[in-house]
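Novice: Provided herewith is a single structure, encoded as structure tokens, for subsequent inquiry.
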Amino acid sequence: MKVLVVNAGSSSLKYQLFDTSDNSVLAKGICERIGIGGEITHKMSGRPDYKETVEMVDHTEATKVLIRVLTDPEVGCISDMSEIEAVGHRIVHGGAYFSESVRVTDEVIAKLELCRDLAPLHTGAHLMGIRGCIAAMPETPQVLVFDTAFHQTMPDYAYTYPIPYEMAQEYQIRRYGAHGTSHRFVSGEMCKILGRTEGTKIVTCHLGNGSSISAVKDGKVIDTSMGFTPLDGLEMGTRCGGIDPAIVPFIMAKKGFTPDEMSNFMNKECGLLGVSGLSPDCRDLGEAVKAGHKRAALAVNILTYQIKKFIGSYAAAMNGLDAVVFTAGIGENRDEIRAAACRDLDWLGIKLDPEVNERTKKQGDNVCISAPDSRVLVYVIPTNEELVIASDTERIVKEGRI
Ligand code: ADP
């Protein structure tokens with residue numbers, strides 16, 4: 001089945017066209033500057049990138065442009081729009097309404113509207129993307145795949161915040177988590193490697209610009225580091241992660257920040273960038289650490305110490321540990337961060353193979369980086385959220401589920 005995977009942002013729409021018969025990506029690209037101009041960049045392996053500047057007033061126009069490019073005899077890869085049998089949409093926040101992927105109906109769209117409050121920018125953009133695809137391809141089934149869905153199995157004591165219960169209910173304040181599609185993919189791969197799902201205890205570390213760690217027991221999430229929003233948990237590229245909540249009103253009073261300004265500050269000016277004063281990117285920080293930059297080293301040390309603490313606390317939450325998985329930009333490529341996070345965890349049964357760890361970067365395969373005598377397996381597993389979206393979409397459309 002040919003499935004178009006769509007990730008709609010407020011002024012952009014990323015796409016990948018999958019052939020699910022062999023999970024190959026036929027083409028991928030991005031429409032940018034939607035509503036303020038318009039530009040498409042279209043990529044196919046073995047061909048030069050195709051770029052075109054063309055007006056896109058909204059997401060419907062952007063979808064029409066990408067279909068025209070996909071079906072173009074020169075730069076495209078399909079002969080007709082009808083070859084796209086389904087569309088799968090990445091959705092950042094499904095609230096407590098969605099615990100699995102669903103086919104789009106009016107009722108589903110109405111429920112997604114209720115999630116606007118929880119992720120206003122993302123949800124608004126997703127709705128525009130969904131409506132744009134429906135308008136451009138009215139006959140094609142559409143499926144939604146949620147970043148929060150995999151975390152819906154958390155027990156109430158893990159997702160409830162200690163604030164008045166009625167208030168939490170009224171405003172839907174609870175831990176939702178994020179990157180669920182990635183945690184689901186890599187924990188699923190790890191279960192295949194372990195040869196079972198029941199009885200498994202896995203910690204999955206998705207470390208990128210945004211980072212989160214999950215405890216996955218018997219194939220189900222029991223806790224995760226991101227919370228009500230993707231600001232909680234680990235220190236990230238520019239996000240502060242979990243800090244003492246009293247710091248928030250303290251800084252607001254000192255700096256005279258409004259709630260929006262404070263939110264922007266915590267999302268854009270903190271994390272690795274804020275501590276190092278240099279860069280949010282671990283590549284730059286790695287170089288700076290080698291050159292003796294103290295604050296770059298501090299920024300990285302904070303992160304690796306936090307990763308270690310999450311691994312330890314989630315091992316306690318699961319009463320044991322079979323495997324730790326590293327994924328995403330940092331998890332897949334930064335051996336020094338994996339090494340520091342796993343250092344001195346031998347009491348927990350974690351022992352890396354330093355040589356294999358050091359040479360494991362930019363690889364396409366799952367690699368075991370733990371030593372042969374390590375009781376806990378440690379793996380680098382490249383994530384593939386788009387593939388999960390394509391497979392879920394195919395399954396749901398084939399099942400004819402509404
Ligand atoms: P996002 O969360 O935006 O998808 P990524 O998963 O690409 O981001 O992660 C970005 C982080 O991963 C950066 O800190 C970057 O330094 C690191 N990273 C990504 N790719 C590489 C690479 N090939 N080599 C080294 N570091 C990388």
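Ordering of the structure tokens sets the chain letters (A, B, ...), residue numbers begin anew at 1 in every chain, and ligands are numbered from 1 in the order given.
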Could the residues of chain A that have an atom at most 7 Å from ligand 1 be listed as a Markdown table, each with its closest atom pair and the distance in Å to one decimal, counting only C-alpha atoms and all ligand atoms and ordered by chain and ascending residue number?
Specialist:
| residue | atom | partner | partner_atom_place_in_ligand_line | distance |
| --- | --- | --- | --- | --- |
| A:Leu207 | CA | ligand 1 | 6 (O) | 6.5 |
| A:Gly208 | CA | ligand 1 | 9 (O) | 3.3 |
| A:Asn209 | CA | ligand 1 | 2 (O) | 3.7 |
| A:Gly210 | CA | ligand 1 | 2 (O) | 4.5 |
| A:Ser211 | CA | ligand 1 | 2 (O) | 6.9 |
| A:Gly237 | CA | ligand 1 | 14 (O) | 6.5 |
| A:Pro280 | CA | ligand 1 | 14 (O) | 6.4 |
| A:Asp281 | CA | ligand 1 | 14 (O) | 3.8 |
| A:Cys282 | CA | ligand 1 | 16 (O) | 3.7 |
| A:Arg283 | CA | ligand 1 | 16 (O) | 4.1 |
| A:Asp284 | CA | ligand 1 | 16 (O) | 6.9 |
| A:Ala328 | CA | ligand 1 | 6 (O) | 4.2 |
| A:Gly329 | CA | ligand 1 | 12 (O) | 3.3 |
| A:Ile330 | CA | ligand 1 | 12 (O) | 3.9 |
| A:Asn333 | CA | ligand 1 | 25 (C) | 4.7 |
| A:Arg334 | CA | ligand 1 | 26 (N) | 5.6 |
| A:Lys361 | CA | ligand 1 | 24 (N) | 6.9 |
| A:Lys362 | CA | ligand 1 | 23 (N) | 5.6 |
Novice: Would you output that residue set with all heavy atoms, as a compact mmCIF listing (two decimals), in the first residue's frame?
Specialist:
# COMPACT_ATOMS: atom_id res chain seq x y z
N LEU A 207 16.82 10.71 22.88
CA LEU A 207 17.61 11.90 23.18
C LEU A 207 17.88 12.66 21.89
O LEU A 207 18.70 12.23 21.06
CB LEU A 207 18.94 11.50 23.84
CG LEU A 207 18.84 10.54 25.05
CD1 LEU A 207 20.23 10.09 25.49
CD2 LEU A 207 18.10 11.21 26.21
N GLY A 208 17.16 13.76 21.70
CA GLY A 208 17.37 14.59 20.51
C GLY A 208 17.40 16.04 20.94
O GLY A 208 17.87 16.36 22.02
N ASN A 209 16.86 16.93 20.10
CA ASN A 209 16.70 18.32 20.56
C ASN A 209 15.71 18.35 21.71
O ASN A 209 15.86 19.09 22.66
CB ASN A 209 16.20 19.19 19.41
CG ASN A 209 17.36 19.69 18.60
OD1 ASN A 209 18.40 20.04 19.14
ND2 ASN A 209 17.18 19.73 17.30
N GLY A 210 14.65 17.56 21.55
CA GLY A 210 13.74 17.27 22.66
C GLY A 210 14.08 15.87 23.13
O GLY A 210 14.38 15.01 22.32
N SER A 211 14.08 15.67 24.45
CA SER A 211 14.49 14.35 24.96
C SER A 211 13.50 13.83 26.00
O SER A 211 12.95 14.61 26.79
CB SER A 211 15.86 14.45 25.64
OG SER A 211 16.83 14.88 24.74
N GLY A 237 17.94 20.70 24.37
CA GLY A 237 18.71 21.68 23.60
C GLY A 237 18.50 23.10 24.13
O GLY A 237 19.46 23.77 24.53
N PRO A 280 22.87 24.87 21.54
CA PRO A 280 21.98 23.80 22.00
C PRO A 280 22.40 22.44 21.42
O PRO A 280 21.82 21.42 21.75
CB PRO A 280 20.63 24.22 21.41
CG PRO A 280 20.97 24.98 20.17
CD PRO A 280 22.31 25.61 20.40
N ASP A 281 23.40 22.45 20.55
CA ASP A 281 23.72 21.26 19.76
C ASP A 281 24.91 20.51 20.36
O ASP A 281 25.97 21.08 20.57
CB ASP A 281 24.04 21.70 18.31
CG ASP A 281 24.07 20.53 17.36
OD1 ASP A 281 24.86 19.60 17.61
OD2 ASP A 281 23.29 20.54 16.39
N CYS A 282 24.71 19.20 20.58
CA CYS A 282 25.75 18.40 21.24
C CYS A 282 27.01 18.28 20.40
O CYS A 282 28.08 18.01 20.95
CB CYS A 282 25.22 17.01 21.56
SG CYS A 282 24.24 17.03 23.03
N ARG A 283 26.90 18.46 19.09
CA ARG A 283 28.12 18.42 18.26
C ARG A 283 29.03 19.59 18.64
O ARG A 283 30.23 19.40 18.87
CB ARG A 283 27.76 18.51 16.77
CG ARG A 283 27.33 17.18 16.20
CD ARG A 283 26.71 17.34 14.85
NE ARG A 283 25.37 17.89 14.97
CZ ARG A 283 24.40 17.67 14.12
NH1 ARG A 283 24.60 16.95 13.06
NH2 ARG A 283 23.21 18.19 14.30
N ASP A 284 28.42 20.80 18.72
CA ASP A 284 29.22 21.98 19.10
C ASP A 284 29.76 21.82 20.52
O ASP A 284 30.91 22.15 20.80
CB ASP A 284 28.36 23.26 19.06
CG ASP A 284 27.77 23.49 17.69
OD1 ASP A 284 28.39 23.02 16.71
OD2 ASP A 284 26.70 24.12 17.59
N ALA A 328 17.38 8.40 18.71
CA ALA A 328 17.30 9.81 18.24
C ALA A 328 18.71 10.41 18.12
O ALA A 328 19.70 9.74 18.44
CB ALA A 328 16.40 10.65 19.14
N GLY A 329 18.78 11.69 17.65
CA GLY A 329 20.05 12.31 17.27
C GLY A 329 21.19 12.07 18.24
O GLY A 329 22.26 11.59 17.86
N ILE A 330 20.98 12.38 19.52
CA ILE A 330 22.04 12.21 20.51
C ILE A 330 22.22 10.73 20.85
O ILE A 330 23.33 10.20 20.88
CB ILE A 330 21.73 13.02 21.79
CG1 ILE A 330 21.71 14.53 21.48
CG2 ILE A 330 22.71 12.70 22.91
CD1 ILE A 330 21.22 15.40 22.63
N ASN A 333 24.01 8.90 18.06
CA ASN A 333 25.29 9.39 17.54
C ASN A 333 26.33 9.81 18.56
O ASN A 333 27.50 9.93 18.22
CB ASN A 333 25.04 10.60 16.63
CG ASN A 333 24.24 10.23 15.40
OD1 ASN A 333 24.71 9.46 14.58
ND2 ASN A 333 23.03 10.75 15.30
N ARG A 334 25.93 10.08 19.81
CA ARG A 334 26.90 10.66 20.75
C ARG A 334 27.37 9.61 21.76
O ARG A 334 26.79 9.45 22.84
CB ARG A 334 26.29 11.86 21.50
CG ARG A 334 25.69 12.94 20.64
CD ARG A 334 26.64 13.56 19.66
NE ARG A 334 27.90 14.02 20.22
CZ ARG A 334 28.82 14.68 19.52
NH1 ARG A 334 28.62 14.96 18.26
NH2 ARG A 334 29.95 15.03 20.08
N LYS A 361 27.81 5.04 15.54
CA LYS A 361 27.20 6.33 15.21
C LYS A 361 26.79 6.29 13.75
O LYS A 361 27.41 5.57 12.95
CB LYS A 361 28.13 7.49 15.51
CG LYS A 361 29.52 7.40 14.94
CD LYS A 361 30.44 8.46 15.49
CE LYS A 361 30.92 8.10 16.89
NZ LYS A 361 32.14 8.70 17.33
N LYS A 362 25.75 7.02 13.43
CA LYS A 362 25.25 7.14 12.06
C LYS A 362 25.03 5.78 11.40
O LYS A 362 25.22 5.62 10.21
CB LYS A 362 26.24 7.95 11.20
CG LYS A 362 26.30 9.41 11.58
CD LYS A 362 27.15 10.18 10.59
CE LYS A 362 27.51 11.52 11.16
NZ LYS A 362 28.62 12.18 10.53
Novice: Would you please give, as an MDAnalysis selection string, all residues of segment 214-307 of chain A that DSSP assigns to alpha helix (DSSP H) based on the backbone?
Specialist: chainID A and resid 247:255 259:268 271:276 282:290 294:307
Novice: Applying 8 Å and only C-alpha atoms, which residues near segment 53-64 of chain A remain after dropping the ones on its own chain fewer than 5 positions away? List them as a PDB file with all heavy atoms, in the first residue's frame.
Specialist:
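The resulting file, around_19.pdb, is reproduced below:
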ATOM      1  N   LEU A  13       4.718  21.692   6.164  1.00  0.00           N
ATOM      2  CA  LEU A  13       4.088  20.369   6.071  1.00  0.00           C
ATOM      3  C   LEU A  13       5.151  19.415   5.526  1.00  0.00           C
ATOM      4  O   LEU A  13       5.580  19.529   4.379  1.00  0.00           O
ATOM      5  CB  LEU A  13       2.885  20.455   5.124  1.00  0.00           C
ATOM      6  CG  LEU A  13       1.917  19.285   5.093  1.00  0.00           C
ATOM      7  CD1 LEU A  13       0.510  19.786   4.774  1.00  0.00           C
ATOM      8  CD2 LEU A  13       2.321  18.265   4.052  1.00  0.00           C
ATOM      9  N   CYS A  31       6.941  21.239   2.548  1.00  0.00           N
ATOM     10  CA  CYS A  31       6.389  22.499   2.058  1.00  0.00           C
ATOM     11  C   CYS A  31       6.604  23.506   3.186  1.00  0.00           C
ATOM     12  O   CYS A  31       6.202  23.250   4.321  1.00  0.00           O
ATOM     13  CB  CYS A  31       4.891  22.382   1.783  1.00  0.00           C
ATOM     14  SG  CYS A  31       4.488  21.158   0.541  1.00  0.00           S
ATOM     15  N   ARG A  33       6.920  27.851   4.508  1.00  0.00           N
ATOM     16  CA  ARG A  33       6.408  29.222   4.344  1.00  0.00           C
ATOM     17  C   ARG A  33       4.948  29.243   3.905  1.00  0.00           C
ATOM     18  O   ARG A  33       4.534  30.114   3.144  1.00  0.00           O
ATOM     19  CB  ARG A  33       7.299  30.009   3.377  1.00  0.00           C
ATOM     20  CG  ARG A  33       8.737  30.154   3.871  1.00  0.00           C
ATOM     21  CD  ARG A  33       9.655  30.837   2.870  1.00  0.00           C
ATOM     22  NE  ARG A  33       9.137  32.112   2.404  1.00  0.00           N
ATOM     23  CZ  ARG A  33       9.169  33.240   3.090  1.00  0.00           C
ATOM     24  NH1 ARG A  33       9.700  33.237   4.288  1.00  0.00           N
ATOM     25  NH2 ARG A  33       8.684  34.349   2.609  1.00  0.00           N
ATOM     26  N   ILE A  34       4.172  28.246   4.381  1.00  0.00           N
ATOM     27  CA  ILE A  34       2.742  28.202   4.039  1.00  0.00           C
ATOM     28  C   ILE A  34       2.054  29.425   4.647  1.00  0.00           C
ATOM     29  O   ILE A  34       2.233  29.706   5.833  1.00  0.00           O
ATOM     30  CB  ILE A  34       2.089  26.902   4.576  1.00  0.00           C
ATOM     31  CG1 ILE A  34       2.764  25.666   3.974  1.00  0.00           C
ATOM     32  CG2 ILE A  34       0.585  26.872   4.277  1.00  0.00           C
ATOM     33  CD1 ILE A  34       2.347  24.343   4.607  1.00  0.00           C
ATOM     34  N   GLY A  35       1.272  30.129   3.844  1.00  0.00           N
ATOM     35  CA  GLY A  35       0.553  31.306   4.331  1.00  0.00           C
ATOM     36  C   GLY A  35       1.352  32.596   4.235  1.00  0.00           C
ATOM     37  O   GLY A  35       0.801  33.680   4.364  1.00  0.00           O
ATOM     38  N   ILE A  36       2.682  32.463   4.036  1.00  0.00           N
ATOM     39  CA  ILE A  36       3.503  33.681   3.942  1.00  0.00           C
ATOM     40  C   ILE A  36       4.379  33.639   2.694  1.00  0.00           C
ATOM     41  O   ILE A  36       5.397  34.302   2.599  1.00  0.00           O
ATOM     42  CB  ILE A  36       4.398  33.854   5.205  1.00  0.00           C
ATOM     43  CG1 ILE A  36       5.101  32.528   5.555  1.00  0.00           C
ATOM     44  CG2 ILE A  36       3.627  34.387   6.382  1.00  0.00           C
ATOM     45  CD1 ILE A  36       6.188  32.654   6.602  1.00  0.00           C
ATOM     46  N   GLY A  37       4.014  32.815   1.729  1.00  0.00           N
ATOM     47  CA  GLY A  37       4.796  32.631   0.503  1.00  0.00           C
ATOM     48  C   GLY A  37       4.573  31.205   0.043  1.00  0.00           C
ATOM     49  O   GLY A  37       3.426  30.815  -0.209  1.00  0.00           O
ATOM     50  N   GLY A  38       5.607  30.403   0.033  1.00  0.00           N
ATOM     51  CA  GLY A  38       5.445  28.997  -0.319  1.00  0.00           C
ATOM     52  C   GLY A  38       6.676  28.470  -1.037  1.00  0.00           C
ATOM     53  O   GLY A  38       7.215  29.119  -1.936  1.00  0.00           O
ATOM     54  N   GLU A  39       7.149  27.300  -0.558  1.00  0.00           N
ATOM     55  CA  GLU A  39       8.327  26.691  -1.175  1.00  0.00           C
ATOM     56  C   GLU A  39       8.270  25.193  -0.900  1.00  0.00           C
ATOM     57  O   GLU A  39       7.995  24.790   0.225  1.00  0.00           O
ATOM     58  CB  GLU A  39       9.584  27.288  -0.536  1.00  0.00           C
ATOM     59  CG  GLU A  39      10.871  26.860  -1.196  1.00  0.00           C
ATOM     60  CD  GLU A  39      12.062  27.584  -0.554  1.00  0.00           C
ATOM     61  OE1 GLU A  39      12.373  28.697  -0.992  1.00  0.00           O
ATOM     62  OE2 GLU A  39      12.631  27.027   0.404  1.00  0.00           O
ATOM     63  N   ILE A  40       8.512  24.382  -1.929  1.00  0.00           N
ATOM     64  CA  ILE A  40       8.556  22.934  -1.710  1.00  0.00           C
ATOM     65  C   ILE A  40       9.955  22.418  -2.022  1.00  0.00           C
ATOM     66  O   ILE A  40      10.575  22.841  -3.000  1.00  0.00           O
ATOM     67  CB  ILE A  40       7.479  22.190  -2.546  1.00  0.00           C
ATOM     68  CG1 ILE A  40       7.502  20.678  -2.251  1.00  0.00           C
ATOM     69  CG2 ILE A  40       7.625  22.451  -4.056  1.00  0.00           C
ATOM     70  CD1 ILE A  40       6.275  19.917  -2.728  1.00  0.00           C
ATOM     71  N   MET A 128      -5.237  21.995  10.481  1.00  0.00           N
ATOM     72  CA  MET A 128      -5.131  22.576   9.139  1.00  0.00           C
ATOM     73  C   MET A 128      -4.604  21.532   8.154  1.00  0.00           C
ATOM     74  O   MET A 128      -5.072  21.434   7.020  1.00  0.00           O
ATOM     75  CB  MET A 128      -4.216  23.803   9.164  1.00  0.00           C
ATOM     76  CG  MET A 128      -4.841  24.998   9.849  1.00  0.00           C
ATOM     77  SD  MET A 128      -3.923  26.509   9.539  1.00  0.00           S
ATOM     78  CE  MET A 128      -2.497  26.305  10.597  1.00  0.00           C
ATOM     79  N   GLY A 129      -3.616  20.752   8.592  1.00  0.00           N
ATOM     80  CA  GLY A 129      -3.048  19.708   7.733  1.00  0.00           C
ATOM     81  C   GLY A 129      -4.089  18.647   7.387  1.00  0.00           C
ATOM     82  O   GLY A 129      -4.195  18.215   6.234  1.00  0.00           O
ATOM     83  N   ARG A 131      -7.417  18.928   7.489  1.00  0.00           N
ATOM     84  CA  ARG A 131      -8.474  19.504   6.631  1.00  0.00           C
ATOM     85  C   ARG A 131      -7.938  19.743   5.223  1.00  0.00           C
ATOM     86  O   ARG A 131      -8.655  19.537   4.236  1.00  0.00           O
ATOM     87  CB  ARG A 131      -9.012  20.788   7.259  1.00  0.00           C
ATOM     88  CG  ARG A 131      -9.792  20.462   8.541  1.00  0.00           C
ATOM     89  CD  ARG A 131     -10.517  21.663   9.130  1.00  0.00           C
ATOM     90  NE  ARG A 131     -11.412  21.213  10.190  1.00  0.00           N
ATOM     91  CZ  ARG A 131     -11.352  21.620  11.465  1.00  0.00           C
ATOM     92  NH1 ARG A 131     -10.447  22.505  11.845  1.00  0.00           N
ATOM     93  NH2 ARG A 131     -12.205  21.151  12.355  1.00  0.00           N
ATOM     94  N   GLY A 132      -6.670  20.152   5.119  1.00  0.00           N
ATOM     95  CA  GLY A 132      -6.048  20.361   3.807  1.00  0.00           C
ATOM     96  C   GLY A 132      -5.999  19.069   3.014  1.00  0.00           C
ATOM     97  O   GLY A 132      -6.325  19.039   1.820  1.00  0.00           O
ATOM     98  N   CYS A 133      -5.621  17.971   3.663  1.00  0.00           N
ATOM     99  CA  CYS A 133      -5.530  16.680   2.965  1.00  0.00           C
ATOM    100  C   CYS A 133      -6.918  16.169   2.592  1.00  0.00           C
ATOM    101  O   CYS A 133      -7.103  15.597   1.507  1.00  0.00           O
ATOM    102  CB  CYS A 133      -4.812  15.646   3.834  1.00  0.00           C
ATOM    103  SG  CYS A 133      -3.045  15.949   3.939  1.00  0.00           S
ATOM    104  N   ALA A 135      -9.508  18.024   1.914  1.00  0.00           N
ATOM    105  CA  ALA A 135      -9.983  18.846   0.791  1.00  0.00           C
ATOM    106  C   ALA A 135      -9.294  18.442  -0.509  1.00  0.00           C
ATOM    107  O   ALA A 135      -9.929  18.368  -1.566  1.00  0.00           O
ATOM    108  CB  ALA A 135      -9.725  20.322   1.093  1.00  0.00           C
ATOM    109  N   ALA A 136      -7.994  18.148  -0.441  1.00  0.00           N
ATOM    110  CA  ALA A 136      -7.257  17.810  -1.663  1.00  0.00           C
ATOM    111  C   ALA A 136      -7.481  16.361  -2.084  1.00  0.00           C
ATOM    112  O   ALA A 136      -7.385  16.030  -3.266  1.00  0.00           O
ATOM    113  CB  ALA A 136      -5.765  18.075  -1.446  1.00  0.00           C
TER     114      ALA A 136
END
Novice: I want to know what sits within 12 Å of Thr200 of chain A, based on only C-alpha atoms, with residues of the same chain fewer than 5 positions away left out; could you give that as a list in words?
Specialist: Ser187, Gly188, Met190, Cys191, Lys192, Ile193, Leu194, Gly195, Ala215, Val216, Lys217, Asp218, Gly219, Lys220, Val221, Ala315, Met318, Asn319, Gly320, Leu321, Asp322, Ala323, Val324, Val376 and Leu377 of chain A
Novice: Those same residues, written as an mmCIF file, in the first residue's frame with C-alpha atoms?
Specialist:
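Result written to result30.cif:
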data_model
loop_
_atom_site.group_PDB
_atom_site.id
_atom_site.type_symbol
_atom_site.label_atom_id
_atom_site.label_comp_id
_atom_site.auth_asym_id
_atom_site.auth_seq_id
_atom_site.Cartn_x
_atom_site.Cartn_y
_atom_site.Cartn_z
ATOM 1 C CA SER A 187 10.814 -0.794 22.753
ATOM 2 C CA GLY A 188 9.051 -3.038 20.203
ATOM 3 C CA MET A 190 13.999 -4.411 21.828
ATOM 4 C CA CYS A 191 11.242 -6.896 22.700
ATOM 5 C CA LYS A 192 11.920 -8.679 19.393
ATOM 6 C CA ILE A 193 15.627 -8.863 20.318
ATOM 7 C CA LEU A 194 14.739 -10.216 23.792
ATOM 8 C CA GLY A 195 12.370 -12.688 22.133
ATOM 9 C CA ALA A 215 9.936 2.881 31.576
ATOM 10 C CA VAL A 216 8.335 0.137 29.451
ATOM 11 C CA LYS A 217 7.204 -2.980 31.337
ATOM 12 C CA ASP A 218 5.577 -5.904 29.503
ATOM 13 C CA GLY A 219 5.519 -3.698 26.375
ATOM 14 C CA LYS A 220 3.527 -0.964 28.154
ATOM 15 C CA VAL A 221 4.672 2.438 29.427
ATOM 16 C CA ALA A 315 14.716 0.267 37.247
ATOM 17 C CA MET A 318 9.906 -1.769 37.363
ATOM 18 C CA ASN A 319 11.634 -3.864 40.047
ATOM 19 C CA GLY A 320 14.414 -4.719 37.595
ATOM 20 C CA LEU A 321 15.886 -4.027 34.214
ATOM 21 C CA ASP A 322 16.522 -6.155 31.107
ATOM 22 C CA ALA A 323 17.579 -3.523 28.590
ATOM 23 C CA VAL A 324 18.364 0.143 28.010
ATOM 24 C CA VAL A 376 21.493 -5.669 31.195
ATOM 25 C CA LEU A 377 21.532 -5.359 27.394
#
Novice: Report as JSON lines: every residue of segment 144-261 of chain A with an atom at most 9 Å from segment 107-125 of chain A, its closest pair of atoms, and their distance in Å to one decimal, counting only C-alpha atoms, with rows sorted by chain and ascending residue number.
Specialist:
{"residue": "A:Tyr171", "atom": "CA", "partner": "A:Asp117", "partner_atom": "CA", "distance": 9.0}
{"residue": "A:Gln172", "atom": "CA", "partner": "A:Leu118", "partner_atom": "CA", "distance": 8.2}
{"residue": "A:Ile173", "atom": "CA", "partner": "A:Leu118", "partner_atom": "CA", "distance": 8.8}
{"residue": "A:Phe228", "atom": "CA", "partner": "A:Leu118", "partner_atom": "CA", "distance": 8.0}
{"residue": "A:Thr229", "atom": "CA", "partner": "A:Leu118", "partner_atom": "CA", "distance": 7.6}
Novice: Could you save the residues just selected, with C-alpha atoms, as a CSV table (one decimal), in the first residue's frame?
Specialist:
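Output file out29.csv is given in full below:
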chain,number,residue,atom,x,y,z
A,171,TYR,CA,-8.1,21.6,33.2
A,172,GLN,CA,-7.0,18.1,32.1
A,173,ILE,CA,-3.7,18.6,34.0
A,228,PHE,CA,1.8,17.8,31.0
A,229,THR,CA,3.9,19.4,28.2
Novice: When you look at Asp22 of chain A with a cut-off of 12 Å (counting only C-alpha atoms), what residues show up, excluding the ones that are within fewer than 2 positions of it in the same chain? I need them as a ChimeraX atom specification.
Specialist: /A:1-2,18-20,24-26,387,390-391
Novice: Could you save those same residues with all heavy atoms as a tab-separated table (two decimals), in the first residue's frame?
Specialist:
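Output saved as again_15.tsv:
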chain	number	residue	atom	x	y	z
A	1	MET	N	0.85	-1.20	0.00
A	1	MET	CA	0.00	0.00	0.00
A	1	MET	C	0.89	1.25	0.00
A	1	MET	O	1.90	1.29	0.69
A	1	MET	CB	-0.89	-0.01	1.26
A	1	MET	CG	-1.84	1.16	1.34
A	1	MET	SD	-2.79	1.18	2.91
A	1	MET	CE	-4.20	0.18	2.49
A	2	LYS	N	0.49	2.25	-0.80
A	2	LYS	CA	1.25	3.51	-0.78
A	2	LYS	C	0.58	4.45	0.22
A	2	LYS	O	-0.60	4.79	0.10
A	2	LYS	CB	1.28	4.14	-2.17
A	2	LYS	CG	2.13	3.31	-3.14
A	2	LYS	CD	2.58	4.11	-4.33
A	2	LYS	CE	3.48	3.27	-5.23
A	2	LYS	NZ	2.74	2.45	-6.19
A	18	PHE	N	5.41	6.31	1.57
A	18	PHE	CA	5.90	4.96	1.85
A	18	PHE	C	5.25	3.94	0.92
A	18	PHE	O	4.07	4.05	0.59
A	18	PHE	CB	5.52	4.53	3.28
A	18	PHE	CG	6.50	4.94	4.32
A	18	PHE	CD1	6.44	6.20	4.88
A	18	PHE	CD2	7.49	4.06	4.77
A	18	PHE	CE1	7.34	6.60	5.85
A	18	PHE	CE2	8.40	4.44	5.74
A	18	PHE	CZ	8.32	5.71	6.29
A	19	ASP	N	6.03	2.93	0.55
A	19	ASP	CA	5.45	1.73	-0.05
A	19	ASP	C	5.54	0.67	1.04
A	19	ASP	O	6.63	0.20	1.37
A	19	ASP	CB	6.24	1.31	-1.29
A	19	ASP	CG	5.61	0.09	-1.95
A	19	ASP	OD1	4.79	-0.57	-1.29
A	19	ASP	OD2	5.93	-0.18	-3.12
A	20	THR	N	4.40	0.34	1.65
A	20	THR	CA	4.45	-0.54	2.84
A	20	THR	C	4.75	-2.00	2.47
A	20	THR	O	4.99	-2.81	3.36
A	20	THR	CB	3.13	-0.49	3.64
A	20	THR	OG1	2.06	-0.82	2.77
A	20	THR	CG2	2.90	0.90	4.24
A	24	SER	N	9.68	0.82	1.93
A	24	SER	CA	10.61	1.78	1.33
A	24	SER	C	9.99	3.17	1.28
A	24	SER	O	8.77	3.32	1.24
A	24	SER	CB	10.99	1.32	-0.08
A	24	SER	OG	9.83	1.19	-0.86
A	25	VAL	N	10.85	4.18	1.31
A	25	VAL	CA	10.39	5.57	1.18
A	25	VAL	C	10.58	5.97	-0.28
A	25	VAL	O	11.71	6.03	-0.78
A	25	VAL	CB	11.20	6.51	2.11
A	25	VAL	CG1	10.76	7.96	1.93
A	25	VAL	CG2	11.03	6.10	3.56
A	26	LEU	N	9.47	6.20	-0.99
A	26	LEU	CA	9.55	6.53	-2.42
A	26	LEU	C	10.00	7.97	-2.61
A	26	LEU	O	10.72	8.28	-3.56
A	26	LEU	CB	8.19	6.30	-3.10
A	26	LEU	CG	7.62	4.89	-2.96
A	26	LEU	CD1	6.23	4.81	-3.56
A	26	LEU	CD2	8.54	3.88	-3.63
A	387	LEU	N	7.77	5.30	9.90
A	387	LEU	CA	7.41	3.93	9.54
A	387	LEU	C	6.26	3.43	10.41
A	387	LEU	O	5.34	2.76	9.92
A	387	LEU	CB	8.64	3.01	9.69
A	387	LEU	CG	8.38	1.54	9.42
A	387	LEU	CD1	7.93	1.30	7.98
A	387	LEU	CD2	9.66	0.72	9.68
A	390	ALA	N	3.12	4.96	9.04
A	390	ALA	CA	2.71	4.30	7.80
A	390	ALA	C	2.09	2.93	8.10
A	390	ALA	O	1.04	2.56	7.56
A	390	ALA	CB	3.90	4.16	6.85
A	391	SER	N	2.72	2.14	9.00
A	391	SER	CA	2.21	0.79	9.29
A	391	SER	C	0.87	0.84	10.00
A	391	SER	O	-0.05	0.06	9.70
A	391	SER	CB	3.15	-0.04	10.16
A	391	SER	OG	4.45	0.31	9.97
Novice: Which is closest to Asp335 of chain A among A:Gly9, A:Gly349, A:Pro372, A:Gly286, if we use only C-alpha atoms?
Specialist: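 Between A:Gly9, A:Gly349, A:Pro372, A:Gly286, the residue approaching Asp335 of chain A most closely is A:Gly286.
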Novice: Just give me the gap between atom CA of Ser214 of chain A and atom CA of Arg184 of chain A in Å, one decimal is fine.
Specialist: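 Separating atom CA of Ser214 of chain A from atom CA of Arg184 of chain A is a distance of 9.7 Å.
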Novice: When DSSP works through the backbone of this structure, what residues of segment 206-365 of chain A end up as strand (DSSP E or B), shown as a list in words?
Specialist: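 Filtering segment 206-365 of chain A to strand (DSSP E or B) leaves His206, Leu207, Ser211, Ser212, Ile213, Ser214, Ala215, Val216, Lys217, Lys220, Val221, Ile222, Asp223, Thr224, Ala323, Val324, Val325, Phe326, Thr327 and Leu352 of chain A.
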